[in-house]
Amino acid sequence: MASNSFQPIQGMSDIAPPDVYIWQMLEARAREVFARYRFEEVRTPVLEKTSLFTHSLGDTTDVVTKEMYRLQDRGGRDLSLRPEGTAGSVRYIASGGEETANARIYYIGPMFRCERPQAGRKRQFHQIGLEAAGAPNPLADAEVIALQINLLSAWGLEGAKIRLNTIGLPEEREAVLEGLREAIRPRLAELPEDAQQRFETNVLRLLDSKDPAVQAVIADAPSVTELLSAESRAYLDTVVETLRGLEIDVEIDTSLVRGLDYYVHTVWEVVHGGLGAQNALSGGGRYRIQIDNKTIDGVGFAMGVERMIAALEASGVTADQFPPKPAVFIASLGEAALKENLLLMQTLRQRGVACEMELTNRKIKAQMKRANKIGAATVIIRGDSELENGTFVVKNMGEGTQQELELPELMDLMGKGGG
Ligand code: HAM
């Protein structure tokens with residue numbers, strides 16, 4: 001794609017009207033749902049020490065090895081733009097001691113991954129996510145999944161599916177990895193080179209590979225669930241049963257492993273048919289992250305806002321369905337009216353009415369054109385004769401009607417929503 005000085009850099013976008021209205025709707029409804037579940041917003045910096053991400057996400061993960069925007073600041077510090085929101089949230093939780101031990105926090109903001117841009121993959125994308133700190137408890141996992149279902153319906157999305165799995169505990173991770181390696185090793189030569197490397201560094205990631213050669217080998221290997229302890233399997237069963245009790249259906253997908261290393265026990269993704277190959281609307285799970293000498297347990301998820309909007313659009317929910325409240329336009333005929341109207345506009349705005357007026361003395365036709373362009377529901381017109389009579393011509397743009405009102409009547413009408 002040709003680029004010029006007016007465009008943002010590749011993989012990043014300006015989010016402007018009218019598109020921004022659907023963003024505002026998603027954010028406002030998310031805040032309402034989060035408040036009902038007693039989550040509070042925390043805004044962490046977008047720039048953090050690189051070591052925070054390498055330690056918590058895992059230093060062999062794709063996100064850390066290939067996708068971070070990593071830079072050195074003027075003091076030579078190794079910093080990265082956050083590729084996701086969990087690490088910063090957990091750093092915040094760890095910083096607070098007792099105060100934040102059971103924090104329930106949410107975040108809304110940009111994340112950065114220097115991936116190859118394609119449909120569904122941006123370099124600056126946005127997440128609406130949350131984290132609930134606290135010791136592993138299947139009921140806590142179920143509560144967060146239930147919240148997510150509530151959020152999807154508050155946003156008006158239908159047809160999303162939750163795929164759920166467990167990856168067990170860190171102490172059994174080695175046994176699981178070894179079990180998988182043992183099953184795959186005899187057929188290692190059948191795997192492509194990069195998969196052979198994965199076999200050594202992160203064998204779990206072979207499970208969700210889309211490469212048919214890898215899939216053929218994996219098909220004969222045991223699933224992670226089969227290699228886990230009875231305790232871990234029971235944990236997953238309790239999550240599923242609890243969700244059933246809440247009338248929430250989930251699909252167990254034993255190939256689901258997720259791309260970050262901090263997960264323990266429950267992991268899940270929300271997928272939607274309206275998206276292409278990048279069909280994950282959201283990723284989540286329970287995790288255990290060590291920062292210095294502190295271990296933080298928690299559970300959470302992050303929704304990708306761009307993908308959410310694509311899924312909504314595929315189901316007929318679009319930005320133009322969420323326009324801002326229509327404004328009042330004030331038209332002035334002559335210098336004297338223009339000055340008086342400035343005061344009128346000030347008064348209306350102080351009373352909560354959105355309004356706009358032309359600040360130069362232009363022809364009424366040009367002013368009405370502008371009123372139409374901004375979709376004004378009401379136009380207030382004042383010229384010399386109205387000033388003299390103390391009246392206002394009020395035009396209802398929807399109905400095409402017009403009336404002459406005095407100030408108290410005008411204020412009354414404005415108080416009822418502008419006309
Ligand atoms: P994640 O699966 O890496 O998980 O990302 C979550 C969601 O962010 C994805 O499902 C997707 O919708 C969106 N996303 C990721 N990368 C891109 C991209 N390049 N372009 C557009 N959208 C993207 C996490 O980030 C974890 N921190 C989630 C979590 C929170 N787990 C526990 N708590």
# chains A, B, ... in the order shown; residues from 1 in each chain; ligands from 1
$ closest_atom_pairs --of "chain A" --to "ligand 1" --cutoff "6 Å" --atoms "only C-alpha atoms and all ligand atoms" --output "JSON lines"
{"residue": "A:Glu84", "atom": "CA", "partner": "ligand 1", "partner_atom_place_in_ligand_line": "25 (O)", "distance": 4.4}
{"residue": "A:Gly85", "atom": "CA", "partner": "ligand 1", "partner_atom_place_in_ligand_line": "27 (N)", "distance": 5.2}
{"residue": "A:Thr86", "atom": "CA", "partner": "ligand 1", "partner_atom_place_in_ligand_line": "27 (N)", "distance": 4.6}
{"residue": "A:Arg113", "atom": "CA", "partner": "ligand 1", "partner_atom_place_in_ligand_line": "19 (N)", "distance": 5.7}
{"residue": "A:Gly120", "atom": "CA", "partner": "ligand 1", "partner_atom_place_in_ligand_line": "21 (C)", "distance": 5.3}
{"residue": "A:Arg121", "atom": "CA", "partner": "ligand 1", "partner_atom_place_in_ligand_line": "20 (N)", "distance": 3.5}
{"residue": "A:Lys122", "atom": "CA", "partner": "ligand 1", "partner_atom_place_in_ligand_line": "20 (N)", "distance": 3.9}
{"residue": "A:Arg123", "atom": "CA", "partner": "ligand 1", "partner_atom_place_in_ligand_line": "19 (N)", "distance": 5.5}
{"residue": "A:Phe125", "atom": "CA", "partner": "ligand 1", "partner_atom_place_in_ligand_line": "21 (C)", "distance": 5.0}
{"residue": "A:Gln127", "atom": "CA", "partner": "ligand 1", "partner_atom_place_in_ligand_line": "8 (O)", "distance": 5.9}
{"residue": "A:Glu131", "atom": "CA", "partner": "ligand 1", "partner_atom_place_in_ligand_line": "33 (N)", "distance": 5.7}
{"residue": "A:Ala280", "atom": "CA", "partner": "ligand 1", "partner_atom_place_in_ligand_line": "10 (O)", "distance": 4.5}
{"residue": "A:Leu281", "atom": "CA", "partner": "ligand 1", "partner_atom_place_in_ligand_line": "12 (O)", "distance": 3.9}
{"residue": "A:Ser282", "atom": "CA", "partner": "ligand 1", "partner_atom_place_in_ligand_line": "10 (O)", "distance": 3.3}
{"residue": "A:Gly283", "atom": "CA", "partner": "ligand 1", "partner_atom_place_in_ligand_line": "2 (O)", "distance": 4.0}
{"residue": "A:Gly284", "atom": "CA", "partner": "ligand 1", "partner_atom_place_in_ligand_line": "31 (N)", "distance": 3.7}
{"residue": "A:Gly285", "atom": "CA", "partner": "ligand 1", "partner_atom_place_in_ligand_line": "32 (C)", "distance": 4.8}
{"residue": "A:Val299", "atom": "CA", "partner": "ligand 1", "partner_atom_place_in_ligand_line": "32 (C)", "distance": 5.7}
{"residue": "A:Gly300", "atom": "CA", "partner": "ligand 1", "partner_atom_place_in_ligand_line": "33 (N)", "distance": 3.6}
{"residue": "A:Phe301", "atom": "CA", "partner": "ligand 1", "partner_atom_place_in_ligand_line": "30 (C)", "distance": 3.6}
{"residue": "A:Ala302", "atom": "CA", "partner": "ligand 1", "partner_atom_place_in_ligand_line": "28 (C)", "distance": 4.5}
{"residue": "A:Met303", "atom": "CA", "partner": "ligand 1", "partner_atom_place_in_ligand_line": "7 (C)", "distance": 5.0}
{"residue": "A:Gly304", "atom": "CA", "partner": "ligand 1", "partner_atom_place_in_ligand_line": "12 (O)", "distance": 3.3}
{"residue": "A:Arg307", "atom": "CA", "partner": "ligand 1", "partner_atom_place_in_ligand_line": "12 (O)", "distance": 5.5}
$ closest_residue --among "A:Ile105, A:Leu228, A:Val64, A:Arg362" --to "Val42 of chain A" --atoms "only C-alpha atoms"
A:Ile105
$ residues_around --residues "segment 140-149 of chain A" --least-positions-apart "2" --cutoff "10 Å" --atoms "only C-alpha atoms" --output "ChimeraX atom specification"
/A:30,33-34,36-37,129-138,151-155,157,160-162,164,236,238-244,246-248,250,265-268,270,282,284-286,298-303
$ closest_residue --among "A:Asp261, A:Glu158, A:Glu386, A:Glu269" --to "Leu204 of chain A" --atoms "only C-alpha atoms"
A:Asp261
$ residues_around --residues "Arg43 of chain A" --least-positions-apart "2" --cutoff "12 Å" --atoms "only C-alpha atoms" --output "number ranges by chain"
A: 40-41, 45-47, 85-86, 88-89, 91-92, 105-110, 128-130
$ write_last_selection --atoms "N, CA and C atoms" --output "PDB file, in the first residue's frame"
ATOM      1  N   GLU A  40     -12.796  -2.516  39.228  1.00  0.00           N
ATOM      2  CA  GLU A  40     -12.453  -1.094  39.135  1.00  0.00           C
ATOM      3  C   GLU A  40     -11.344  -0.889  38.106  1.00  0.00           C
ATOM      4  N   GLU A  41     -11.364   0.289  37.483  1.00  0.00           N
ATOM      5  CA  GLU A  41     -10.387   0.537  36.421  1.00  0.00           C
ATOM      6  C   GLU A  41      -8.999   0.879  36.973  1.00  0.00           C
ATOM      7  N   PRO A  45       0.929   2.189  32.763  1.00  0.00           N
ATOM      8  CA  PRO A  45       1.638   2.813  31.625  1.00  0.00           C
ATOM      9  C   PRO A  45       1.696   1.877  30.410  1.00  0.00           C
ATOM     10  N   VAL A  46       1.775   2.469  29.219  1.00  0.00           N
ATOM     11  CA  VAL A  46       1.912   1.611  28.023  1.00  0.00           C
ATOM     12  C   VAL A  46       3.363   1.151  27.852  1.00  0.00           C
ATOM     13  N   LEU A  47       4.296   1.828  28.511  1.00  0.00           N
ATOM     14  CA  LEU A  47       5.709   1.467  28.402  1.00  0.00           C
ATOM     15  C   LEU A  47       6.162   0.863  29.726  1.00  0.00           C
ATOM     16  N   GLY A  85      -2.195  -6.717  28.424  1.00  0.00           N
ATOM     17  CA  GLY A  85      -2.459  -5.973  29.645  1.00  0.00           C
ATOM     18  C   GLY A  85      -2.236  -6.719  30.950  1.00  0.00           C
ATOM     19  N   THR A  86      -2.044  -8.039  30.887  1.00  0.00           N
ATOM     20  CA  THR A  86      -1.966  -8.804  32.139  1.00  0.00           C
ATOM     21  C   THR A  86      -0.687  -8.497  32.925  1.00  0.00           C
ATOM     22  N   GLY A  88       1.323  -5.843  33.103  1.00  0.00           N
ATOM     23  CA  GLY A  88       1.309  -4.559  33.809  1.00  0.00           C
ATOM     24  C   GLY A  88       0.327  -4.588  34.973  1.00  0.00           C
ATOM     25  N   SER A  89      -0.839  -5.237  34.756  1.00  0.00           N
ATOM     26  CA  SER A  89      -1.837  -5.319  35.823  1.00  0.00           C
ATOM     27  C   SER A  89      -1.276  -6.083  37.017  1.00  0.00           C
ATOM     28  N   ARG A  91       1.882  -6.487  37.752  1.00  0.00           N
ATOM     29  CA  ARG A  91       2.911  -5.653  38.393  1.00  0.00           C
ATOM     30  C   ARG A  91       2.246  -4.681  39.360  1.00  0.00           C
ATOM     31  N   TYR A  92       1.141  -4.074  38.916  1.00  0.00           N
ATOM     32  CA  TYR A  92       0.411  -3.160  39.797  1.00  0.00           C
ATOM     33  C   TYR A  92      -0.104  -3.911  41.037  1.00  0.00           C
ATOM     34  N   ILE A 105      -9.587  -5.791  38.813  1.00  0.00           N
ATOM     35  CA  ILE A 105      -9.333  -4.586  38.027  1.00  0.00           C
ATOM     36  C   ILE A 105      -9.655  -4.796  36.546  1.00  0.00           C
ATOM     37  N   TYR A 106      -9.983  -3.701  35.879  1.00  0.00           N
ATOM     38  CA  TYR A 106     -10.162  -3.791  34.427  1.00  0.00           C
ATOM     39  C   TYR A 106      -9.368  -2.699  33.737  1.00  0.00           C
ATOM     40  N   TYR A 107      -9.135  -2.906  32.444  1.00  0.00           N
ATOM     41  CA  TYR A 107      -8.376  -1.932  31.664  1.00  0.00           C
ATOM     42  C   TYR A 107      -8.954  -1.831  30.262  1.00  0.00           C
ATOM     43  N   ILE A 108      -8.803  -0.650  29.687  1.00  0.00           N
ATOM     44  CA  ILE A 108      -9.255  -0.397  28.326  1.00  0.00           C
ATOM     45  C   ILE A 108      -8.121   0.390  27.673  1.00  0.00           C
ATOM     46  N   GLY A 109      -7.527  -0.125  26.625  1.00  0.00           N
ATOM     47  CA  GLY A 109      -6.445   0.666  26.049  1.00  0.00           C
ATOM     48  C   GLY A 109      -5.692  -0.030  24.942  1.00  0.00           C
ATOM     49  N   PRO A 110      -4.732   0.701  24.354  1.00  0.00           N
ATOM     50  CA  PRO A 110      -3.978   0.161  23.231  1.00  0.00           C
ATOM     51  C   PRO A 110      -2.874  -0.799  23.655  1.00  0.00           C
ATOM     52  N   ILE A 128     -10.081  -4.656  25.822  1.00  0.00           N
ATOM     53  CA  ILE A 128     -10.887  -4.384  27.016  1.00  0.00           C
ATOM     54  C   ILE A 128     -10.746  -5.650  27.836  1.00  0.00           C
ATOM     55  N   GLY A 129     -10.080  -5.541  28.976  1.00  0.00           N
ATOM     56  CA  GLY A 129      -9.764  -6.763  29.702  1.00  0.00           C
ATOM     57  C   GLY A 129      -9.917  -6.592  31.195  1.00  0.00           C
ATOM     58  N   LEU A 130      -9.835  -7.703  31.902  1.00  0.00           N
ATOM     59  CA  LEU A 130      -9.883  -7.613  33.365  1.00  0.00           C
ATOM     60  C   LEU A 130      -9.074  -8.712  34.009  1.00  0.00           C
TER      61      LEU A 130
END
$ select_by_dssp --residues "segment 194-284 of chain A" --states "strand (DSSP E)" --output "list in words"
Glu251, Ile252, Tyr263, Val264, His265, Thr266, Val267, Trp268, Glu269, Val270, Val271, His272, Ala280, Leu281, Ser282, Gly283 and Gly284 of chain A
$ select_by_dssp --residues "segment 27-256 of chain A" --states "alpha helix (DSSP H)" --output "VMD selection string"
chain A and resid 27 to 36 50 to 57 62 86 to 95 138 to 154 170 to 184 193 to 201 212 to 218 224 to 227 230 to 245
$ residues_around --residues "Leu260 of chain A" --least-positions-apart "3" --cutoff "8 Å" --atoms "only C-alpha atoms" --output "list in words"
Leu57, Gly58, Thr61, Val63 and Tyr263 of chain A
$ atom_distance --atom1 "atom CA of Thr254 of chain A" --atom2 "atom CA of Thr166 of chain A"
7.8 Å
$ closest_residue --among "A:Gly259, A:Pro186, A:Pro117, A:Pro324" --to "Gln10 of chain A" --atoms "only C-alpha atoms"
A:Pro117
$ residues_around --residues "segment 218-221 of chain A" --least-positions-apart "4" --cutoff "12 Å" --atoms "only C-alpha atoms" --output "VMD selection string"
chain A and resid 176 to 188 190 to 191 195 199 203 to 214 225 to 227 254 to 255
$ write_last_selection --atoms "N, CA, C and O atoms" --output "compact mmCIF listing (two decimals), in the first residue's frame"
# COMPACT_ATOMS: atom_id res chain seq x y z
N VAL A 176 3.80 -33.21 31.58
CA VAL A 176 2.96 -33.07 30.38
C VAL A 176 3.85 -32.90 29.15
O VAL A 176 3.67 -33.57 28.13
N LEU A 177 4.84 -31.99 29.27
CA LEU A 177 5.73 -31.73 28.14
C LEU A 177 6.47 -33.00 27.75
O LEU A 177 6.57 -33.34 26.57
N GLU A 178 6.95 -33.72 28.76
CA GLU A 178 7.71 -34.95 28.48
C GLU A 178 6.79 -35.99 27.84
O GLU A 178 7.18 -36.68 26.90
N GLY A 179 5.55 -36.10 28.34
CA GLY A 179 4.58 -37.04 27.77
C GLY A 179 4.34 -36.73 26.30
O GLY A 179 4.29 -37.65 25.46
N LEU A 180 4.21 -35.43 25.99
CA LEU A 180 3.98 -35.03 24.59
C LEU A 180 5.21 -35.33 23.75
O LEU A 180 5.12 -35.89 22.65
N ARG A 181 6.39 -34.96 24.30
CA ARG A 181 7.63 -35.18 23.52
C ARG A 181 7.83 -36.66 23.23
O ARG A 181 8.18 -37.04 22.12
N GLU A 182 7.54 -37.49 24.25
CA GLU A 182 7.70 -38.93 24.09
C GLU A 182 6.83 -39.45 22.94
O GLU A 182 7.26 -40.26 22.13
N ALA A 183 5.58 -38.92 22.90
CA ALA A 183 4.65 -39.38 21.87
C ALA A 183 5.06 -38.87 20.48
O ALA A 183 4.85 -39.55 19.49
N ILE A 184 5.64 -37.68 20.44
CA ILE A 184 5.96 -37.07 19.14
C ILE A 184 7.34 -37.49 18.62
O ILE A 184 7.56 -37.61 17.41
N ARG A 185 8.28 -37.75 19.57
CA ARG A 185 9.69 -37.98 19.19
C ARG A 185 9.87 -38.98 18.05
O ARG A 185 10.60 -38.68 17.09
N PRO A 186 9.19 -40.15 18.08
CA PRO A 186 9.43 -41.12 17.00
C PRO A 186 9.09 -40.56 15.61
O PRO A 186 9.57 -41.08 14.61
N ARG A 187 8.26 -39.51 15.55
CA ARG A 187 7.87 -38.98 14.23
C ARG A 187 8.41 -37.56 14.01
O ARG A 187 7.90 -36.82 13.15
N LEU A 188 9.44 -37.22 14.76
CA LEU A 188 9.99 -35.87 14.71
C LEU A 188 10.41 -35.47 13.29
O LEU A 188 10.19 -34.34 12.85
N GLU A 190 9.08 -36.06 10.57
CA GLU A 190 7.95 -35.68 9.71
C GLU A 190 7.58 -34.20 9.88
O GLU A 190 6.81 -33.66 9.09
N LEU A 191 8.10 -33.57 10.94
CA LEU A 191 7.71 -32.17 11.21
C LEU A 191 8.58 -31.19 10.43
O LEU A 191 9.77 -31.43 10.24
N ALA A 195 8.78 -26.39 13.36
CA ALA A 195 8.04 -27.19 14.35
C ALA A 195 9.01 -28.06 15.16
O ALA A 195 8.80 -28.31 16.35
N PHE A 199 9.36 -28.11 19.10
CA PHE A 199 9.37 -29.35 19.87
C PHE A 199 10.33 -29.21 21.05
O PHE A 199 10.05 -29.65 22.15
N VAL A 203 6.84 -27.22 23.23
CA VAL A 203 6.13 -28.30 22.54
C VAL A 203 4.60 -28.12 22.58
O VAL A 203 3.89 -28.54 21.68
N LEU A 204 4.11 -27.43 23.64
CA LEU A 204 2.66 -27.22 23.75
C LEU A 204 2.10 -26.49 22.53
O LEU A 204 0.97 -26.75 22.10
N ARG A 205 2.89 -25.54 22.00
CA ARG A 205 2.40 -24.74 20.88
C ARG A 205 2.22 -25.57 19.61
O ARG A 205 1.57 -25.11 18.68
N LEU A 206 2.78 -26.81 19.57
CA LEU A 206 2.52 -27.67 18.40
C LEU A 206 1.05 -28.06 18.37
O LEU A 206 0.49 -28.31 17.32
N LEU A 207 0.41 -28.08 19.54
CA LEU A 207 -0.97 -28.58 19.62
C LEU A 207 -1.95 -27.71 18.86
O LEU A 207 -2.95 -28.20 18.35
N ASP A 208 -1.71 -26.40 18.80
CA ASP A 208 -2.67 -25.56 18.08
C ASP A 208 -2.11 -25.09 16.73
O ASP A 208 -2.61 -24.15 16.14
N SER A 209 -1.10 -25.82 16.22
CA SER A 209 -0.54 -25.46 14.90
C SER A 209 -1.59 -25.70 13.81
O SER A 209 -2.37 -26.65 13.88
N LYS A 210 -1.57 -24.83 12.80
CA LYS A 210 -2.53 -24.99 11.69
C LYS A 210 -1.89 -25.76 10.54
O LYS A 210 -2.54 -26.05 9.54
N ASP A 211 -0.59 -26.10 10.68
CA ASP A 211 0.13 -26.81 9.63
C ASP A 211 -0.35 -28.28 9.57
O ASP A 211 -0.26 -29.00 10.57
N PRO A 212 -0.84 -28.75 8.41
CA PRO A 212 -1.37 -30.12 8.32
C PRO A 212 -0.34 -31.18 8.71
O PRO A 212 -0.70 -32.20 9.32
N ALA A 213 0.95 -30.95 8.38
CA ALA A 213 1.99 -31.94 8.73
C ALA A 213 2.09 -32.08 10.25
O ALA A 213 2.24 -33.19 10.78
N VAL A 214 1.98 -30.96 10.94
CA VAL A 214 2.05 -30.99 12.41
C VAL A 214 0.77 -31.63 12.96
O VAL A 214 0.81 -32.50 13.84
N THR A 225 -5.03 -32.93 28.62
CA THR A 225 -5.92 -33.37 29.71
C THR A 225 -5.59 -34.81 30.14
O THR A 225 -5.57 -35.11 31.33
N GLU A 226 -5.31 -35.65 29.17
CA GLU A 226 -5.01 -37.04 29.51
C GLU A 226 -3.72 -37.16 30.31
O GLU A 226 -3.55 -38.10 31.08
N LEU A 227 -2.80 -36.20 30.09
CA LEU A 227 -1.49 -36.28 30.77
C LEU A 227 -1.51 -35.61 32.14
O LEU A 227 -0.55 -35.69 32.89
N THR A 254 -9.64 -29.69 23.62
CA THR A 254 -8.38 -30.16 24.21
C THR A 254 -7.15 -29.68 23.43
O THR A 254 -6.03 -29.86 23.88
N SER A 255 -7.36 -29.07 22.24
CA SER A 255 -6.19 -28.58 21.51
C SER A 255 -5.86 -27.13 21.88
O SER A 255 -4.87 -26.57 21.42
$ atom_distance --atom1 "atom CA of Leu26 of chain A" --atom2 "atom CA of Val305 of chain A"
8.2 Å
$ atom_distance --atom1 "atom CA of Pro8 of chain A" --atom2 "atom CA of Ile374 of chain A"
26.6 Å
$ residues_around --residues "Met25 of chain A" --least-positions-apart "4" --cutoff "12 Å" --atoms "only C-alpha atoms" --output "PyMOL selection string"
chain A and resi 18-21+29-32+154-156+305+309+317-324
$ write_last_selection --atoms "N, CA, C and O atoms" --output "tab-separated table (two decimals), in the first residue's frame"
chain	number	residue	atom	x	y	z
A	18	PRO	N	-17.35	8.34	11.81
A	18	PRO	CA	-18.37	7.79	12.70
A	18	PRO	C	-17.96	6.52	13.43
A	18	PRO	O	-18.61	6.10	14.36
A	19	ASP	N	-16.81	5.87	12.99
A	19	ASP	CA	-16.43	4.59	13.61
A	19	ASP	C	-16.30	4.69	15.12
A	19	ASP	O	-16.60	3.77	15.86
A	20	VAL	N	-15.81	5.84	15.59
A	20	VAL	CA	-15.49	5.96	17.01
A	20	VAL	C	-16.75	5.79	17.88
A	20	VAL	O	-16.65	5.43	19.05
A	21	TYR	N	-17.93	6.00	17.29
A	21	TYR	CA	-19.15	5.88	18.11
A	21	TYR	C	-19.39	4.45	18.59
A	21	TYR	O	-19.91	4.24	19.67
A	29	ARG	N	-20.58	0.46	27.75
A	29	ARG	CA	-21.30	-0.72	28.26
A	29	ARG	C	-20.38	-1.63	29.06
A	29	ARG	O	-20.80	-2.25	30.03
A	30	ALA	N	-19.11	-1.71	28.65
A	30	ALA	CA	-18.16	-2.53	29.40
A	30	ALA	C	-18.02	-1.98	30.82
A	30	ALA	O	-18.06	-2.72	31.80
A	31	ARG	N	-17.90	-0.65	30.93
A	31	ARG	CA	-17.76	-0.04	32.26
A	31	ARG	C	-18.97	-0.37	33.14
A	31	ARG	O	-18.82	-0.63	34.33
A	32	GLU	N	-20.16	-0.36	32.54
A	32	GLU	CA	-21.37	-0.68	33.32
A	32	GLU	C	-21.33	-2.12	33.82
A	32	GLU	O	-21.60	-2.39	34.98
A	154	ALA	N	-24.39	-7.64	26.52
A	154	ALA	CA	-24.57	-6.18	26.66
A	154	ALA	C	-24.12	-5.47	25.38
A	154	ALA	O	-24.65	-4.42	25.02
A	155	TRP	N	-23.17	-6.06	24.68
A	155	TRP	CA	-22.68	-5.46	23.43
A	155	TRP	C	-23.56	-5.83	22.23
A	155	TRP	O	-23.34	-5.35	21.12
A	156	GLY	N	-24.48	-6.78	22.45
A	156	GLY	CA	-25.39	-7.16	21.36
A	156	GLY	C	-24.82	-8.17	20.40
A	156	GLY	O	-25.28	-8.29	19.27
A	305	VAL	N	-10.76	-5.32	20.75
A	305	VAL	CA	-11.86	-4.42	20.36
A	305	VAL	C	-12.06	-4.42	18.84
A	305	VAL	O	-13.20	-4.50	18.36
A	309	ILE	N	-15.53	-5.47	16.98
A	309	ILE	CA	-16.28	-4.61	16.07
A	309	ILE	C	-16.52	-5.33	14.73
A	309	ILE	O	-17.62	-5.27	14.18
A	317	VAL	N	-24.51	-5.05	13.34
A	317	VAL	CA	-24.46	-3.95	14.32
A	317	VAL	C	-23.34	-3.01	13.88
A	317	VAL	O	-22.18	-3.41	13.84
A	318	THR	N	-23.70	-1.77	13.50
A	318	THR	CA	-22.68	-0.87	12.94
A	318	THR	C	-22.65	0.47	13.69
A	318	THR	O	-23.58	0.81	14.42
A	319	ALA	N	-21.56	1.22	13.45
A	319	ALA	CA	-21.33	2.47	14.18
A	319	ALA	C	-22.48	3.46	14.01
A	319	ALA	O	-22.82	4.19	14.95
A	320	ASP	N	-23.09	3.50	12.81
A	320	ASP	CA	-24.13	4.52	12.59
A	320	ASP	C	-25.38	4.29	13.44
A	320	ASP	O	-26.26	5.14	13.49
A	321	GLN	N	-25.43	3.12	14.12
A	321	GLN	CA	-26.55	2.89	15.04
A	321	GLN	C	-26.33	3.56	16.40
A	321	GLN	O	-27.18	3.50	17.28
A	322	PHE	N	-25.16	4.17	16.58
A	322	PHE	CA	-24.86	4.79	17.87
A	322	PHE	C	-24.41	6.24	17.69
A	322	PHE	O	-23.33	6.63	18.13
A	323	PRO	N	-25.23	7.06	17.00
A	323	PRO	CA	-24.79	8.44	16.76
A	323	PRO	C	-24.82	9.23	18.06
A	323	PRO	O	-25.53	8.87	18.99
A	324	PRO	N	-24.05	10.32	18.14
A	324	PRO	CA	-24.11	11.15	19.33
A	324	PRO	C	-25.47	11.85	19.39
A	324	PRO	O	-26.17	11.92	18.38
